[in-house]
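Everything below belongs to final-v4.txt, which stores compact mmCIF, C-alpha atoms and all ligand atoms.
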# COMPACT_ATOMS: atom_id res chain seq x y z
CA MET A 1493 0.00 0.00 0.00
CA ASP A 1494 1.23 3.49 -0.82
CA ARG A 1495 2.20 5.49 2.31
CA LYS A 1496 1.19 9.17 2.53
CA SER A 1497 3.89 11.82 2.93
CA PRO A 1498 4.00 13.01 6.62
CA THR A 1499 3.71 16.68 5.71
CA LYS A 1500 0.92 16.24 3.30
CA ASN A 1501 -2.02 17.15 5.59
CA VAL A 1502 -0.30 20.03 7.37
CA PRO A 1503 -1.33 23.55 6.38
CA ASP A 1504 1.37 25.94 5.08
CA GLY A 1505 3.84 23.10 4.68
CA LYS A 1506 4.76 23.16 8.44
CA ILE A 1507 6.07 19.85 9.71
CA ARG A 1508 4.61 18.53 12.95
CA LEU A 1509 7.16 16.81 15.18
CA SER A 1510 4.99 13.74 15.48
CA SER A 1511 4.82 13.48 11.69
CA LEU A 1512 8.60 12.85 11.56
CA PHE A 1513 8.19 9.51 13.22
CA SER A 1514 6.72 6.54 11.56
CA ASP A 1515 4.23 5.96 14.37
CA HIS A 1516 3.13 7.38 17.73
CA SER A 1517 4.91 4.81 19.88
CA GLU A 1518 8.30 5.85 18.43
CA PHE A 1519 7.51 9.51 19.19
CA ILE A 1520 6.45 8.71 22.77
CA LEU A 1521 9.63 6.65 23.33
CA ILE A 1522 11.92 9.48 22.21
CA ALA A 1523 9.97 12.12 24.13
CA THR A 1524 10.13 9.99 27.30
CA SER A 1525 13.90 9.45 26.88
CA LEU A 1526 14.45 13.20 26.49
CA ALA A 1527 12.35 13.90 29.57
CA VAL A 1528 14.31 11.32 31.62
CA LEU A 1529 17.60 12.83 30.41
CA PHE A 1530 16.41 16.33 31.30
CA PHE A 1531 15.34 15.41 34.84
CA THR A 1532 18.57 13.43 35.42
CA LEU A 1533 20.63 16.48 34.45
CA VAL A 1534 18.55 18.75 36.70
CA PHE A 1535 18.94 16.28 39.59
CA LEU A 1536 22.73 16.03 39.08
CA PHE A 1537 23.05 19.80 38.87
CA PHE A 1538 21.34 20.35 42.24
CA LYS A 1539 23.15 17.42 43.85
CA PHE A 1540 26.52 18.78 42.74
CA ARG A 1541 25.64 22.30 43.81
CA LYS A 1542 24.64 21.03 47.26
CA SER A 1543 27.78 18.95 47.77
CA SER A 1544 30.02 21.82 46.66
CA GLN A 1545 28.49 24.15 49.26
CA LYS A 1546 31.08 25.14 51.86
CA VAL A 1547 30.50 23.83 55.35
CA VAL A 1548 31.68 25.59 58.51
CA LEU A 1549 31.49 23.89 61.91
CA LEU A 1550 31.02 25.77 65.18
CA SER A 1551 32.81 23.83 67.88
CA GLY A 1552 33.96 24.51 71.45
CA LEU A 1553 33.13 23.87 75.09
CA SER A 1554 29.58 24.10 76.36
CA LEU A 1555 28.31 27.65 77.12
CA SER A 1556 30.98 29.32 74.98
CA GLY A 1557 28.22 30.94 72.90
CA LYS A 1558 28.09 28.83 69.72
CA THR A 1559 24.31 28.67 69.42
CA LEU A 1560 23.90 32.39 69.98
CA LEU A 1561 26.47 33.07 67.23
CA PHE A 1562 24.68 30.55 65.00
CA ALA A 1563 21.37 32.39 65.54
CA ARG A 1564 23.03 35.72 64.79
CA LEU A 1565 24.58 34.43 61.57
CA VAL A 1566 21.71 32.36 60.22
CA TYR A 1567 18.61 34.21 61.49
CA SER A 1568 20.15 37.61 62.32
CA LYS A 1569 18.44 37.25 65.71
CA TYR A 1570 19.24 36.65 69.36
CA PHE A 1571 17.43 34.08 71.38
CA GLU A 1572 18.01 32.70 74.84
CA SER A 1573 19.55 29.32 74.17
CA CYS A 1574 20.05 26.32 76.40
CA THR A 1575 22.66 23.54 76.20
CA SER A 1576 22.44 21.92 72.79
CA LEU A 1577 21.96 18.17 72.71
CA LYS A 1578 22.05 17.96 68.95
CA GLU A 1579 23.46 19.97 66.05
CA ASN A 1580 21.80 23.04 64.51
CA VAL A 1581 22.18 23.33 60.74
CA GLY A 1582 21.48 26.47 58.73
CA ASN A 1583 22.56 28.54 55.76
CA PHE A 1584 24.36 31.82 55.95
CA THR A 1585 24.55 34.18 52.99
CA TYR A 1586 27.06 37.00 53.00
CA GLU A 1587 28.54 38.91 50.07
CA LYS A 1588 26.77 36.55 47.64
CA LYS A 1589 28.37 33.48 49.20
CA ASN A 1590 26.20 30.78 50.66
CA ILE A 1591 27.72 28.77 53.48
CA LYS A 1592 26.27 25.91 55.48
CA ILE A 1593 26.84 26.35 59.21
CA VAL A 1594 26.67 23.45 61.64
CA ASP A 1595 26.53 24.36 65.34
CA LEU A 1596 27.78 21.33 67.29
CA PRO A 1597 26.92 20.58 70.91
CA GLY A 1598 29.78 21.40 73.29
CA GLU A 1599 28.68 19.11 76.09
CA ASP A 1600 31.62 16.87 77.10
CA ARG A 1601 30.02 13.53 76.20
CA LEU A 1602 28.63 14.76 72.88
CA ARG A 1603 31.36 17.06 71.56
CA ASN A 1604 33.71 14.53 69.99
CA LYS A 1605 30.92 12.29 68.69
CA PHE A 1606 29.32 15.13 66.71
CA PHE A 1607 32.70 16.47 65.60
CA ASP A 1608 33.62 13.03 64.18
CA GLN A 1609 30.31 12.92 62.35
CA TYR A 1610 30.79 16.27 60.59
CA LYS A 1611 34.56 16.81 60.29
CA SER A 1612 34.91 15.23 56.83
CA SER A 1613 32.59 17.84 55.29
CA ALA A 1614 34.25 20.86 56.94
CA LYS A 1615 35.96 23.55 54.91
CA GLY A 1616 36.40 25.67 58.02
CA ILE A 1617 36.10 25.21 61.77
CA VAL A 1618 35.23 28.04 64.15
CA TYR A 1619 36.45 27.16 67.62
CA VAL A 1620 34.39 29.30 70.02
CA LEU A 1621 35.65 30.03 73.54
CA ASP A 1622 34.38 32.16 76.41
CA SER A 1623 37.07 34.86 76.79
CA SER A 1624 35.72 35.89 80.20
CA THR A 1625 36.38 32.48 81.77
CA VAL A 1626 39.29 31.31 79.61
CA GLN A 1627 41.89 31.53 82.38
CA LYS A 1628 39.86 29.23 84.63
CA THR A 1629 38.99 26.77 81.86
CA LEU A 1630 42.30 26.96 80.00
CA ARG A 1631 43.22 23.26 80.26
CA ASP A 1632 39.79 22.10 79.01
CA VAL A 1633 39.83 24.68 76.21
CA ALA A 1634 43.35 23.66 75.12
CA GLU A 1635 42.54 19.95 75.22
CA SER A 1636 39.37 20.32 73.16
CA LEU A 1637 41.20 22.53 70.65
CA TYR A 1638 44.03 19.98 70.55
CA VAL A 1639 41.53 17.27 69.50
CA ILE A 1640 40.66 19.40 66.46
CA LEU A 1641 44.21 20.47 65.57
CA ALA A 1642 45.64 16.93 65.90
CA ASP A 1643 42.88 15.29 63.90
CA PRO A 1644 44.44 13.57 60.84
CA GLN A 1645 41.47 14.44 58.62
CA VAL A 1646 41.53 18.12 59.63
CA GLN A 1647 45.27 18.19 58.94
CA SER A 1648 45.20 16.37 55.60
CA SER A 1649 42.31 18.50 54.26
CA ARG A 1650 44.09 21.66 55.50
CA VAL A 1651 40.88 22.88 57.09
CA ASN A 1652 41.12 26.55 58.10
CA ILE A 1653 40.50 27.24 61.76
CA LEU A 1654 39.26 30.41 63.42
CA VAL A 1655 39.56 30.74 67.19
CA CYS A 1656 36.66 32.96 68.12
CA CYS A 1657 37.35 34.73 71.43
CA ASN A 1658 33.73 35.30 72.31
CA LYS A 1659 31.84 37.26 75.02
CA GLN A 1660 34.03 40.33 74.58
CA ASP A 1661 31.16 42.38 76.05
CA GLN A 1662 32.11 41.00 79.48
CA THR A 1663 34.48 43.20 81.50
CA LEU A 1664 36.74 40.27 82.43
CA ALA A 1665 37.12 39.09 78.84
CA LYS A 1666 40.68 38.56 77.58
CA SER A 1667 41.51 39.88 74.14
CA SER A 1668 42.36 37.47 71.32
CA SER A 1669 46.08 38.35 71.49
CA VAL A 1670 46.17 37.44 75.21
CA VAL A 1671 44.13 34.28 74.57
CA LYS A 1672 46.52 33.27 71.79
CA THR A 1673 49.54 33.54 74.12
CA LEU A 1674 47.75 31.64 76.89
CA LEU A 1675 46.69 28.91 74.49
CA GLN A 1676 50.15 28.49 72.96
CA LYS A 1677 51.64 27.93 76.42
CA GLU A 1678 48.91 25.51 77.42
CA LEU A 1679 49.03 23.59 74.14
CA ASN A 1680 52.78 23.21 74.66
CA LEU A 1681 51.98 21.27 77.86
CA VAL A 1682 49.07 19.37 76.34
CA ARG A 1683 51.07 18.11 73.36
CA ARG A 1684 53.87 16.95 75.71
CA THR A 1685 51.37 15.02 77.82
CA LYS A 1686 49.74 13.50 74.76
CA SER A 1687 53.03 12.45 73.17
CA ASN A 1688 54.20 10.90 76.49
CA GLN A 1689 50.95 8.97 76.65
CA LEU A 1690 51.48 7.70 73.11
CA GLU A 1691 55.09 6.72 73.83
CA ASP A 1692 53.96 4.83 76.94
CA THR A 1693 51.55 2.83 74.85
CA ASN A 1694 54.27 2.29 72.18
CA ASP A 1695 52.03 3.84 69.57
CA VAL A 1696 53.93 4.05 66.29
CA ALA A 1697 51.86 7.05 65.25
CA ALA A 1698 53.32 9.15 68.10
CA ASN A 1699 55.59 11.15 65.83
CA GLN A 1700 52.89 11.73 63.24
CA THR A 1701 50.49 13.21 65.78
CA PHE A 1702 53.01 15.50 67.47
CA LEU A 1703 51.55 18.93 66.97
CA GLY A 1704 53.75 21.64 65.49
CA ASN A 1705 57.53 21.81 65.53
CA PRO A 1706 59.01 19.35 68.11
CA ASP A 1707 62.25 21.39 68.33
CA LYS A 1708 60.62 24.48 69.76
CA ASP A 1709 57.75 25.65 71.93
CA PHE A 1710 54.31 25.31 70.42
CA GLU A 1711 53.24 28.08 68.06
CA PHE A 1712 50.12 28.19 65.91
CA SER A 1713 52.19 29.44 62.98
CA ASP A 1714 54.08 26.10 62.86
CA LEU A 1715 50.92 24.19 61.98
CA TYR A 1716 49.99 23.18 58.43
CA ASN A 1717 46.46 24.39 59.08
CA GLN A 1718 45.97 28.10 59.01
CA VAL A 1719 44.80 29.22 62.47
CA SER A 1720 43.40 32.75 62.87
CA PHE A 1721 41.92 34.59 65.85
CA CYS A 1722 39.06 37.04 66.25
CA ASP A 1723 37.16 38.86 69.01
CA THR A 1724 33.37 38.62 69.03
CA THR A 1725 30.25 38.97 71.06
CA GLY A 1726 27.07 37.19 70.18
CA LEU A 1727 25.05 39.35 72.50
CA ASP A 1728 25.55 42.95 71.57
CA SER A 1729 25.24 43.99 67.94
CA ALA A 1730 26.18 47.60 68.81
CA SER A 1731 29.55 46.49 70.16
CA GLU A 1732 32.82 46.89 68.26
CA TYR A 1733 33.21 43.12 68.77
CA ASP A 1734 30.21 42.21 66.67
CA VAL A 1735 30.29 39.16 64.39
CA GLU A 1736 31.75 40.95 61.33
CA GLN A 1737 35.26 39.49 61.71
CA LEU A 1738 33.68 36.05 61.79
CA GLN A 1739 31.61 36.77 58.68
CA ASP A 1740 34.63 38.17 56.82
CA TRP A 1741 36.66 35.07 57.62
CA MET A 1742 33.91 32.77 56.36
CA VAL A 1743 33.71 34.38 52.94
CA THR A 1744 37.46 33.90 52.42
CA LEU A 1745 37.15 30.10 52.67
N1 LIG B 1801 27.62 38.07 77.86
C1 LIG B 1801 27.54 37.22 76.86
N2 LIG B 1801 26.80 36.10 77.00
C2 LIG B 1801 26.74 35.25 75.95
C3 LIG B 1801 27.41 35.50 74.73
N3 LIG B 1801 27.17 34.47 73.90
C4 LIG B 1801 26.39 33.61 74.58
N4 LIG B 1801 26.12 34.08 75.80
C5 LIG B 1801 25.31 33.42 76.84
O1 LIG B 1801 25.99 32.23 77.22
C6 LIG B 1801 25.07 31.16 77.42
C7 LIG B 1801 25.44 29.99 76.53
O2 LIG B 1801 25.27 30.37 75.17
P1 LIG B 1801 25.03 29.24 74.03
O3 LIG B 1801 25.06 29.95 72.74
O4 LIG B 1801 23.82 28.43 74.32
O5 LIG B 1801 26.31 28.34 74.25
P2 LIG B 1801 26.76 27.04 73.43
O6 LIG B 1801 28.19 27.18 73.13
O7 LIG B 1801 25.85 26.80 72.28
O8 LIG B 1801 26.56 25.88 74.52
P3 LIG B 1801 26.30 24.30 74.21
O9 LIG B 1801 25.10 24.22 73.34
O10 LIG B 1801 26.07 23.73 75.58
O11 LIG B 1801 27.52 23.76 73.57
C8 LIG B 1801 23.69 31.74 77.15
O12 LIG B 1801 23.11 32.14 78.36
C9 LIG B 1801 23.97 32.96 76.28
O13 LIG B 1801 23.01 33.98 76.41
C10 LIG B 1801 28.16 36.71 74.59
O14 LIG B 1801 28.77 37.02 73.57
N5 LIG B 1801 28.18 37.52 75.70
MG MG B 1802 24.56 25.29 71.78

Represent the supplied structure as structure tokens.
Amino acid sequence: MDRKSPTKNVPDGKIRLSSLFSDHSEFILIATSLAVLFFTLVFLFFKFRKSSQKVVLLSGLSLSGKTLLFARLVYSKYFESCTSLKENVGNFTYEKKNIKIVDLPGEDRLRNKFFDQYKSSAKGIVYVLDSSTVQKTLRDVAESLYVILADPQVQSSRVNILVCCNKQDQTLAKSSSVVKTLLQKELNLVRRTKSNQLEDTNDVAANQTFLGNPDKDFEFSDLYNQVSFCDTTGLDSASEYDVEQLQDWMVTL
């Protein structure tokens, strides 16, 4: 039987897409394949965009002010917080950069567990400390910071670290330059204790985990990770110690 030309019944000689295919089932098959391809590409685009988003962790001892800083950054608000038992996750947009912020609980039994869960995704870590109590809590602060600095994953990924000397609105607060000196001295003692403990247990990794230059006193500048300091307050937006230094550091990541 003689087959009709596909364009024959179309006015003005315009060719309908469906008329290019010998039958409807072929047209439906190709249209479905194109739709599947389109949605796969859209899905991959959003998945890639999500995974390439920079992640910043807020870590530190309990009551150092992490959740208040998180609320300031993510919601631009203050709220009276209580001890976090789980992480808070939110997005922070500043100078057209979108960063995911994860506020980790500082409670002793939860701190390392949550840090281990999130450390592989971190591009930056903000270590928050209470500058008004830092002299009294120095050993605990130094030990918890040591856990971060000595972590093999943090070291190999060269995660940038910001030590946030928070609660600068308090009259007894030490400035970041004083805190840095105090912490260097304390970390010098902590790393000696840790390396003695490793030697006692004959751990072959003792040398690898020794923090900084073993031939001199501990200094942050000897680390492979870049460690910076800033002064903040999460409480008082009118203060000169507002969160701007923290925001500026985040956008450089
Ligand atoms: N004066 C002063 N108080 C602050 C500041 N930041 C936080 N606080 C207070 O300190 C307490 C603890 O703040 P949080 O933000 O909940 O502390 P956190 O680090 O999240 O504590 P965890 O969730 O237990 O790890 C709250 O009563 C806050 O209001 C600050 O910059 N200045
Ligand atoms: Mg909290």

Within 6 Å of ligand LIG 1801 (chain B), which residues show up when you count all atoms listed in the file? List them as a ChimeraX atom specification, please.
/A:1553-1560,1572-1576,1597-1599,1658-1659,1661-1662,1725-1727

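Taking atom CA of Thr1585 of chain A and atom CA of Phe1562 of chain A as the two end points, the separation is 12.5 Å.
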
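Rounded to one decimal, atom CA of Ser1720 of chain A and atom CA of Asp1740 of chain A lie 12.0 Å from each other.
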
Which residue is closest to ligand MG 1802 (chain B)? Choose from A:Tyr1638, A:Trp1741, A:Phe1571, A:Phe1721 and count only C-alpha atoms and all ligand atoms.
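Answer, going by the shortest atom-to-atom distance: A:Phe1571.
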
Could you tell me how far atom CA of Ser1624 of chain A sits from atom CA of Lys1666 of chain A, in Å to one decimal place?
6.2 Å

Which of these residues is nearest to Lys1546 of chain A, using all atoms listed in the file: A:Val1743, A:Val1581, A:Val1639, A:Val1682?
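Checking each candidate against Lys1546 of chain A, we get A:Val1743 as the closest.
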
Spatial neighbours of segment 1728-1738 of chain A, max dist 8 Å, only C-alpha atoms, sep filter under 4 positions, as JSON, numbers by chain
{"A": [1561, 1565, 1656, 1660, 1661, 1722, 1723, 1724, 1742]}

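Closest to ligand MG 1802 (chain B) among A:Val1620, A:Gln1545, A:Ala1614, A:Tyr1586 is A:Val1620, based on all atoms listed in the file.
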
Counting only C-alpha atoms, the option among A:Leu1621, A:Leu1690, A:Val1548, A:Ile1520 closest to Ser1668 of chain A:
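Looking at the shortest contact to Ser1668 of chain A, the residue is A:Leu1621.
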
Which one of A:Ser1623, A:Thr1685, A:Ser1636, A:Ser1551 sits closest to ligand MG 1802 (chain B) if you count only C-alpha atoms and all ligand atoms?
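Using only C-alpha atoms and all ligand atoms, the shortest distance to ligand MG 1802 (chain B) belongs to A:Ser1551.
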
Between A:Asp1643, A:Glu1579, A:Glu1587, A:Asp1632, which is the closest to ligand MG 1802 (chain B) once you count only C-alpha atoms and all ligand atoms?
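Looking only at the distances to ligand MG 1802 (chain B), the closest residue turns out to be A:Glu1579.
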
Nearby residues (all atoms listed in the file) at most 6 Å from segment 1645-1653 of chain A, same-chain spacing under 5 positions excluded, as a PyMOL selection string:
chain A and resi 1615-1618+1717-1719
